[in-house]
Amino acid sequence: MTALLIDGKKIAGELRARIADAVSAMHGRGVSPGLAVVLVGDDPASDVYVRNKGKAAEAAGIRSFEHRLPAATPEADVVALVRRLNADEAVDGVLVQMPLPAHISAARVIGEIAPAKDVDGLTSVNAGRLLLGETGLVPCTPQGSIILIKSVLPRLEGKNAVVLGRSILVGKPLALLLLAENCTVTIAHSKTRDLAALCRSADILCAAVGRPRLVAGDFVKEGAVVIDVGINRVEDGGKARLVGDVDFEAASSRAGAITPAPGGVGPMTIACLLRNTVLAAARRRGLPDPNL
Ligand code: NAD
């Protein structure tokens, strides 16, 4: 079997178009959603991410506020900036780009973000809401992964889902979202035994590990939906290139549908950040959630 390609770029483009429509309707009601992104230091990858987030926000009609601070900025100054953004009426979403320099506690800074503006869904309040099944702001990469899965499998009820990775950013929230869709969910991690056999039980297999080609072809059940969250830089014939956690060639001969990496989950992450910004803007004003 040759898998159907789940085109993350196309699906993200469609979502961004719906977001732009929702933003334009909000403008009509005098509401102008705004996203503030804080970057501390000059990590080149983070710099690209922050620039792309700002550009994507503006393309959707969302105001973008970039705050770039030097690497040596004291933790107290970053906290003070987050508090100012919490209080700023023009700002609906506050995102602090990770990783932070070593002298700053990420937990301390994230803990300062107002839950209503926590568009990365990383605060204890939003993580707790996800666990309890309450409405909140959900981390962007897992939310994007669910949208991709549903693009090929509208009803997830009763499916066996295996999530590789248990990070707070991806693995755990993705497992909770799949559980909320009534999947039977297993979380695998670095201490899991016989990963290949476990993965072969999955109707939905999600890899969020950060190890190039960890998921070999024979990990994949015939017809499974495979979501590759991983982004890994590898040397290939002297050239650096990005690959996912899944051996794409081998897996696509068995899977029913598969995301490319890059070009799958990545574009959805940014689109879901914009989605969260619009949801936050609506909820803060007591407006109904736009249909996104
Ligand atoms: P992380 O390092 O925080 O977590 C990795 C997880 O993988 C851990 O829970 C660990 O237990 C598990 N793991 C390690 N070795 C394993 C093994 N052999 N078998 C099974 N599990 C194993 O990483 P993260 O932040 O969750 O990110 C995971 C990957 O997803 C990375 O490649 C990252 O770059 C990528 N990522 C992509 C996006 C995107 O937008 N596409 C967003 C976030 C992260």
# chains A, B, ... in the order shown; residues from 1 in each chain; ligands from 1
call {"tool": "residues_around", "arguments": {"residues": "region 28-42 of chain A", "least_positions_apart": "2", "cutoff": "9 Å", "atoms": "only C-alpha atoms", "output": "JSON, numbers by chain"}}
result
{"A": [23, 24, 25, 26, 44, 45, 46, 47, 50, 53, 54, 57, 61, 62, 63, 64, 65, 66, 67, 68, 69, 70, 71, 72, 73, 78, 81, 82, 85, 90, 91, 92, 93, 94, 95, 96, 97, 98, 99, 100, 101, 117, 119, 274, 277, 278, 280, 281, 282, 285]}
call {"tool": "write_last_selection", "arguments": {"atoms": "N, CA and C atoms", "output": "short mmCIF file (atom, residue, chain, number, x, y, z; two decimals), in the first residue's frame"}}
result
data_model
loop_
_atom_site.label_atom_id
_atom_site.label_comp_id
_atom_site.auth_asym_id
_atom_site.auth_seq_id
_atom_site.Cartn_x
_atom_site.Cartn_y
_atom_site.Cartn_z
N VAL A 23 -10.74 37.07 11.91
CA VAL A 23 -10.11 38.32 12.39
C VAL A 23 -10.79 39.50 11.71
N SER A 24 -11.07 39.36 10.42
CA SER A 24 -11.68 40.49 9.73
C SER A 24 -13.09 40.74 10.28
N ALA A 25 -13.82 39.68 10.64
CA ALA A 25 -15.14 39.86 11.28
C ALA A 25 -14.98 40.56 12.64
N MET A 26 -13.91 40.22 13.36
CA MET A 26 -13.67 40.87 14.67
C MET A 26 -13.35 42.34 14.48
N PRO A 44 19.82 31.39 16.79
CA PRO A 44 19.39 31.62 15.40
C PRO A 44 18.07 30.91 15.05
N ALA A 45 17.88 29.67 15.55
CA ALA A 45 16.63 28.95 15.22
C ALA A 45 15.44 29.69 15.83
N SER A 46 15.59 30.16 17.10
CA SER A 46 14.50 30.88 17.76
C SER A 46 14.19 32.17 17.01
N ASP A 47 15.25 32.82 16.51
CA ASP A 47 15.07 34.07 15.77
C ASP A 47 14.18 33.82 14.54
N VAL A 50 10.54 33.15 15.66
CA VAL A 50 9.85 34.36 16.10
C VAL A 50 9.46 35.23 14.90
N LYS A 53 6.51 33.63 13.14
CA LYS A 53 5.26 33.79 13.90
C LYS A 53 4.70 35.18 13.68
N GLY A 54 5.59 36.19 13.73
CA GLY A 54 5.17 37.58 13.52
C GLY A 54 4.58 37.78 12.13
N ALA A 57 1.22 36.06 11.80
CA ALA A 57 0.17 36.81 12.51
C ALA A 57 -0.29 37.97 11.64
N GLY A 61 -3.98 39.26 9.72
CA GLY A 61 -4.62 40.48 10.23
C GLY A 61 -4.47 40.67 11.73
N ILE A 62 -3.62 39.81 12.35
CA ILE A 62 -3.39 39.91 13.80
C ILE A 62 -2.22 40.86 14.05
N ARG A 63 -2.36 41.77 15.01
CA ARG A 63 -1.24 42.68 15.32
C ARG A 63 -0.13 41.88 15.99
N SER A 64 1.10 42.15 15.59
CA SER A 64 2.23 41.41 16.16
C SER A 64 3.14 42.37 16.92
N PHE A 65 3.46 41.99 18.15
CA PHE A 65 4.37 42.80 18.98
C PHE A 65 5.57 41.94 19.32
N GLU A 66 6.74 42.30 18.80
CA GLU A 66 7.95 41.51 19.08
C GLU A 66 8.76 42.19 20.15
N HIS A 67 9.17 41.44 21.16
CA HIS A 67 10.03 41.99 22.22
C HIS A 67 11.31 41.17 22.25
N ARG A 68 12.40 41.79 21.79
CA ARG A 68 13.69 41.09 21.76
C ARG A 68 14.57 41.64 22.88
N LEU A 69 15.00 40.74 23.76
CA LEU A 69 15.82 41.16 24.90
C LEU A 69 17.19 40.50 24.79
N PRO A 70 18.24 41.20 25.26
CA PRO A 70 19.58 40.60 25.21
C PRO A 70 19.67 39.34 26.08
N ALA A 71 20.62 38.45 25.72
CA ALA A 71 20.77 37.17 26.42
C ALA A 71 21.01 37.35 27.92
N ALA A 72 21.64 38.46 28.30
CA ALA A 72 22.01 38.66 29.71
C ALA A 72 20.88 39.30 30.53
N THR A 73 19.71 39.49 29.94
CA THR A 73 18.60 40.12 30.68
C THR A 73 18.30 39.34 31.96
N VAL A 78 12.47 39.90 32.62
CA VAL A 78 11.60 39.12 31.73
C VAL A 78 10.23 38.98 32.39
N LEU A 81 8.33 42.19 32.08
CA LEU A 81 7.77 42.36 30.73
C LEU A 81 6.50 41.52 30.58
N VAL A 82 6.55 40.27 31.02
CA VAL A 82 5.37 39.40 30.91
C VAL A 82 4.20 40.03 31.67
N LEU A 85 2.72 42.80 29.64
CA LEU A 85 1.93 42.27 28.51
C LEU A 85 0.60 41.71 29.00
N ALA A 90 -4.09 45.71 24.39
CA ALA A 90 -3.89 45.44 22.95
C ALA A 90 -3.37 44.02 22.71
N VAL A 91 -2.95 43.35 23.79
CA VAL A 91 -2.33 42.03 23.67
C VAL A 91 -3.31 40.94 24.11
N ASP A 92 -3.59 39.99 23.18
CA ASP A 92 -4.46 38.86 23.53
C ASP A 92 -3.67 37.59 23.80
N GLY A 93 -2.48 37.49 23.18
CA GLY A 93 -1.66 36.30 23.35
C GLY A 93 -0.25 36.68 23.75
N VAL A 94 0.30 35.96 24.75
CA VAL A 94 1.70 36.18 25.17
C VAL A 94 2.45 34.86 24.98
N LEU A 95 3.49 34.91 24.17
CA LEU A 95 4.29 33.72 23.93
C LEU A 95 5.74 34.03 24.27
N VAL A 96 6.34 33.24 25.13
CA VAL A 96 7.77 33.40 25.42
C VAL A 96 8.49 32.28 24.68
N GLN A 97 9.35 32.66 23.74
CA GLN A 97 10.03 31.66 22.92
C GLN A 97 11.03 30.86 23.77
N MET A 98 10.95 29.54 23.66
CA MET A 98 11.89 28.66 24.35
C MET A 98 12.98 28.23 23.36
N PRO A 99 14.17 27.86 23.77
CA PRO A 99 14.62 27.84 25.16
C PRO A 99 15.04 29.23 25.64
N LEU A 100 14.94 29.42 26.97
CA LEU A 100 15.43 30.65 27.59
C LEU A 100 16.90 30.44 27.99
N PRO A 101 17.68 31.52 28.11
CA PRO A 101 19.06 31.35 28.61
C PRO A 101 19.07 30.65 29.97
N LYS A 117 -4.19 34.54 28.32
CA LYS A 117 -3.36 34.96 27.19
C LYS A 117 -2.29 33.91 26.84
N VAL A 119 -1.19 31.52 24.91
CA VAL A 119 -1.49 30.91 23.60
C VAL A 119 -0.63 29.68 23.30
N LEU A 274 -2.01 31.03 15.85
CA LEU A 274 -2.91 32.12 15.43
C LEU A 274 -4.34 31.81 15.88
N THR A 277 -4.71 32.62 19.43
CA THR A 277 -4.73 34.08 19.65
C THR A 277 -6.14 34.61 19.41
N VAL A 278 -6.78 34.11 18.35
CA VAL A 278 -8.13 34.56 18.02
C VAL A 278 -9.13 34.06 19.08
N ALA A 280 -8.41 33.42 22.19
CA ALA A 280 -8.15 34.20 23.41
C ALA A 280 -8.79 35.58 23.30
N ALA A 281 -8.67 36.19 22.11
CA ALA A 281 -9.24 37.53 21.91
C ALA A 281 -10.75 37.50 22.07
N ALA A 282 -11.40 36.46 21.54
CA ALA A 282 -12.86 36.36 21.65
C ALA A 282 -13.27 36.11 23.10
N ARG A 285 -13.26 38.85 25.70
CA ARG A 285 -14.32 39.85 25.54
C ARG A 285 -15.70 39.24 25.68
#
call {"tool": "closest_atom_pairs", "arguments": {"of": "chain A", "to": "ligand 1", "cutoff": "8 Å", "atoms": "only C-alpha atoms and all ligand atoms", "output": "CSV"}}
result
residue,atom,partner,partner_atom_place_in_ligand_line,distance
A:Cys140,CA,ligand 1,40 (O),7.9
A:Thr141,CA,ligand 1,40 (O),5.4
A:Leu164,CA,ligand 1,21 (N),5.0
A:Gly165,CA,ligand 1,7 (O),3.6
A:Arg166,CA,ligand 1,9 (O),3.6
A:Ser167,CA,ligand 1,26 (O),4.4
A:Ile168,CA,ligand 1,26 (O),7.0
A:Leu169,CA,ligand 1,25 (O),5.6
A:Val170,CA,ligand 1,26 (O),4.7
A:Gly171,CA,ligand 1,26 (O),5.8
A:Ala188,CA,ligand 1,20 (C),5.4
A:His189,CA,ligand 1,21 (N),3.3
A:Ser190,CA,ligand 1,16 (C),3.7
A:Lys191,CA,ligand 1,11 (O),7.1
A:Thr192,CA,ligand 1,20 (C),6.5
A:Leu195,CA,ligand 1,19 (N),6.8
A:Ala207,CA,ligand 1,29 (C),7.6
A:Ala208,CA,ligand 1,28 (C),4.1
A:Val209,CA,ligand 1,7 (O),3.6
A:Gly210,CA,ligand 1,32 (O),3.1
A:Arg211,CA,ligand 1,32 (O),6.5
A:Leu214,CA,ligand 1,18 (N),7.0
A:Asp228,CA,ligand 1,41 (N),7.9
A:Val229,CA,ligand 1,30 (O),4.8
A:Gly230,CA,ligand 1,32 (O),3.5
A:Ile231,CA,ligand 1,32 (O),4.0
A:Asn232,CA,ligand 1,32 (O),5.4
A:Gly244,CA,ligand 1,32 (O),7.0
A:Asp245,CA,ligand 1,32 (O),7.0
A:Ala261,CA,ligand 1,41 (N),7.8
A:Pro262,CA,ligand 1,41 (N),7.5
A:Gly264,CA,ligand 1,41 (N),7.4
A:Val265,CA,ligand 1,41 (N),4.7
A:Gly266,CA,ligand 1,41 (N),3.6
A:Pro267,CA,ligand 1,40 (O),6.9
A:Met268,CA,ligand 1,40 (O),7.1
A:Thr269,CA,ligand 1,40 (O),4.9
A:Ile270,CA,ligand 1,40 (O),7.4
call {"tool": "closest_residue", "arguments": {"among": "A:Ala257, A:Leu122, A:Ala180, A:Ala114", "to": "Pro139 (chain A)", "atoms": "only C-alpha atoms"}}
result
A:Leu122
call {"tool": "atom_distance", "arguments": {"atom1": "CA of Ala161 (chain A)", "atom2": "CA of Ala202 (chain A)"}}
result
5.2 Å
call {"tool": "atom_distance", "arguments": {"atom1": "CA of Arg241 (chain A)", "atom2": "CA of Gly263 (chain A)"}}
result
13.1 Å
call {"tool": "residues_around", "arguments": {"residues": "Thr259 (chain A)", "least_positions_apart": "4", "cutoff": "7 Å", "atoms": "only C-alpha atoms", "output": "VMD selection string"}}
result
chain A and resid 5 to 7 226 to 228 264
call {"tool": "atom_distance", "arguments": {"atom1": "CA of Cys206 (chain A)", "atom2": "CA of Val162 (chain A)"}}
result
6.3 Å
call {"tool": "select_by_dssp", "arguments": {"residues": "region 132-292 of chain A", "states": "alpha helix (DSSP H)", "output": "PyMOL selection string"}}
result
chain A and resi 132+140-152+171-180+195-200+248-252+265-284
call {"tool": "select_by_dssp", "arguments": {"residues": "region 58-213 of chain A", "states": "strand (DSSP E)", "output": "ChimeraX atom specification"}}
result
/A:63-69,93-96,160-164,184-188,204-207
call {"tool": "write_last_selection", "arguments": {"atoms": "C-alpha atoms", "output": "PDB file, in the first residue's frame"}}
result
ATOM      1  CA  ARG A  63      -1.244  42.675  15.315  1.00  0.00           C
ATOM      2  CA  SER A  64       2.228  41.406  16.156  1.00  0.00           C
ATOM      3  CA  PHE A  65       4.369  42.799  18.976  1.00  0.00           C
ATOM      4  CA  GLU A  66       7.947  41.506  19.078  1.00  0.00           C
ATOM      5  CA  HIS A  67      10.026  41.986  22.223  1.00  0.00           C
ATOM      6  CA  ARG A  68      13.694  41.092  21.761  1.00  0.00           C
ATOM      7  CA  LEU A  69      15.820  41.161  24.896  1.00  0.00           C
ATOM      8  CA  GLY A  93      -1.660  36.296  23.354  1.00  0.00           C
ATOM      9  CA  VAL A  94       1.696  36.178  25.171  1.00  0.00           C
ATOM     10  CA  LEU A  95       4.290  33.718  23.928  1.00  0.00           C
ATOM     11  CA  VAL A  96       7.769  33.400  25.420  1.00  0.00           C
ATOM     12  CA  ASN A 160      -5.738   2.499  19.277  1.00  0.00           C
ATOM     13  CA  ALA A 161      -3.416   5.514  19.460  1.00  0.00           C
ATOM     14  CA  VAL A 162       0.249   5.279  20.435  1.00  0.00           C
ATOM     15  CA  VAL A 163       2.110   8.499  21.239  1.00  0.00           C
ATOM     16  CA  LEU A 164       5.907   8.329  21.306  1.00  0.00           C
ATOM     17  CA  THR A 184      -7.466   4.039  23.551  1.00  0.00           C
ATOM     18  CA  VAL A 185      -4.174   5.782  24.228  1.00  0.00           C
ATOM     19  CA  THR A 186      -0.729   4.462  25.102  1.00  0.00           C
ATOM     20  CA  ILE A 187       2.180   6.806  25.812  1.00  0.00           C
ATOM     21  CA  ALA A 188       5.601   5.380  24.977  1.00  0.00           C
ATOM     22  CA  ILE A 204      -2.839   6.125  14.943  1.00  0.00           C
ATOM     23  CA  LEU A 205       0.909   6.426  15.522  1.00  0.00           C
ATOM     24  CA  CYS A 206       2.333   9.792  16.607  1.00  0.00           C
ATOM     25  CA  ALA A 207       6.095  10.260  16.976  1.00  0.00           C
TER      26      ALA A 207
END
call {"tool": "closest_residue", "arguments": {"among": "A:Pro115, A:Asp194, A:Ser151, A:Ser252", "to": "Gly217 (chain A)", "atoms": "only C-alpha atoms"}}
result
A:Ser252
call {"tool": "residues_around", "arguments": {"residues": "Ala12 (chain A)", "least_positions_apart": "3", "cutoff": "7 Å", "atoms": "only C-alpha atoms", "output": "list in words"}}
result
Gly8, Lys9, Leu15, Arg16, Pro267, Met268 and Ala271 of chain A
call {"tool": "write_last_selection", "arguments": {"atoms": "N, CA, C and O atoms", "output": "PDB file, in the first residue's frame"}}
result
ATOM      1  N   GLY A   8       0.274  18.999   5.343  1.00  0.00           N
ATOM      2  CA  GLY A   8       0.166  19.968   6.433  1.00  0.00           C
ATOM      3  C   GLY A   8       0.180  21.410   5.945  1.00  0.00           C
ATOM      4  O   GLY A   8      -0.513  22.267   6.497  1.00  0.00           O
ATOM      5  N   LYS A   9       0.959  21.676   4.901  1.00  0.00           N
ATOM      6  CA  LYS A   9       1.033  23.053   4.388  1.00  0.00           C
ATOM      7  C   LYS A   9      -0.323  23.489   3.874  1.00  0.00           C
ATOM      8  O   LYS A   9      -0.776  24.604   4.139  1.00  0.00           O
ATOM      9  N   LEU A  15      -6.659  26.629   7.207  1.00  0.00           N
ATOM     10  CA  LEU A  15      -6.975  27.106   8.564  1.00  0.00           C
ATOM     11  C   LEU A  15      -6.627  28.589   8.686  1.00  0.00           C
ATOM     12  O   LEU A  15      -7.398  29.384   9.259  1.00  0.00           O
ATOM     13  N   ARG A  16      -5.486  28.982   8.129  1.00  0.00           N
ATOM     14  CA  ARG A  16      -5.075  30.399   8.220  1.00  0.00           C
ATOM     15  C   ARG A  16      -6.050  31.293   7.474  1.00  0.00           C
ATOM     16  O   ARG A  16      -6.316  32.423   7.905  1.00  0.00           O
ATOM     17  N   PRO A 267       3.841  23.415   9.877  1.00  0.00           N
ATOM     18  CA  PRO A 267       2.963  24.529   9.478  1.00  0.00           C
ATOM     19  C   PRO A 267       1.688  24.614  10.326  1.00  0.00           C
ATOM     20  O   PRO A 267       1.146  25.709  10.524  1.00  0.00           O
ATOM     21  N   MET A 268       1.242  23.464  10.839  1.00  0.00           N
ATOM     22  CA  MET A 268       0.035  23.464  11.678  1.00  0.00           C
ATOM     23  C   MET A 268       0.288  24.135  13.023  1.00  0.00           C
ATOM     24  O   MET A 268      -0.609  24.722  13.626  1.00  0.00           O
ATOM     25  N   ALA A 271      -0.171  27.819  12.557  1.00  0.00           N
ATOM     26  CA  ALA A 271      -1.594  28.112  12.315  1.00  0.00           C
ATOM     27  C   ALA A 271      -2.389  28.001  13.626  1.00  0.00           C
ATOM     28  O   ALA A 271      -3.275  28.819  13.895  1.00  0.00           O
TER      29      ALA A 271
END
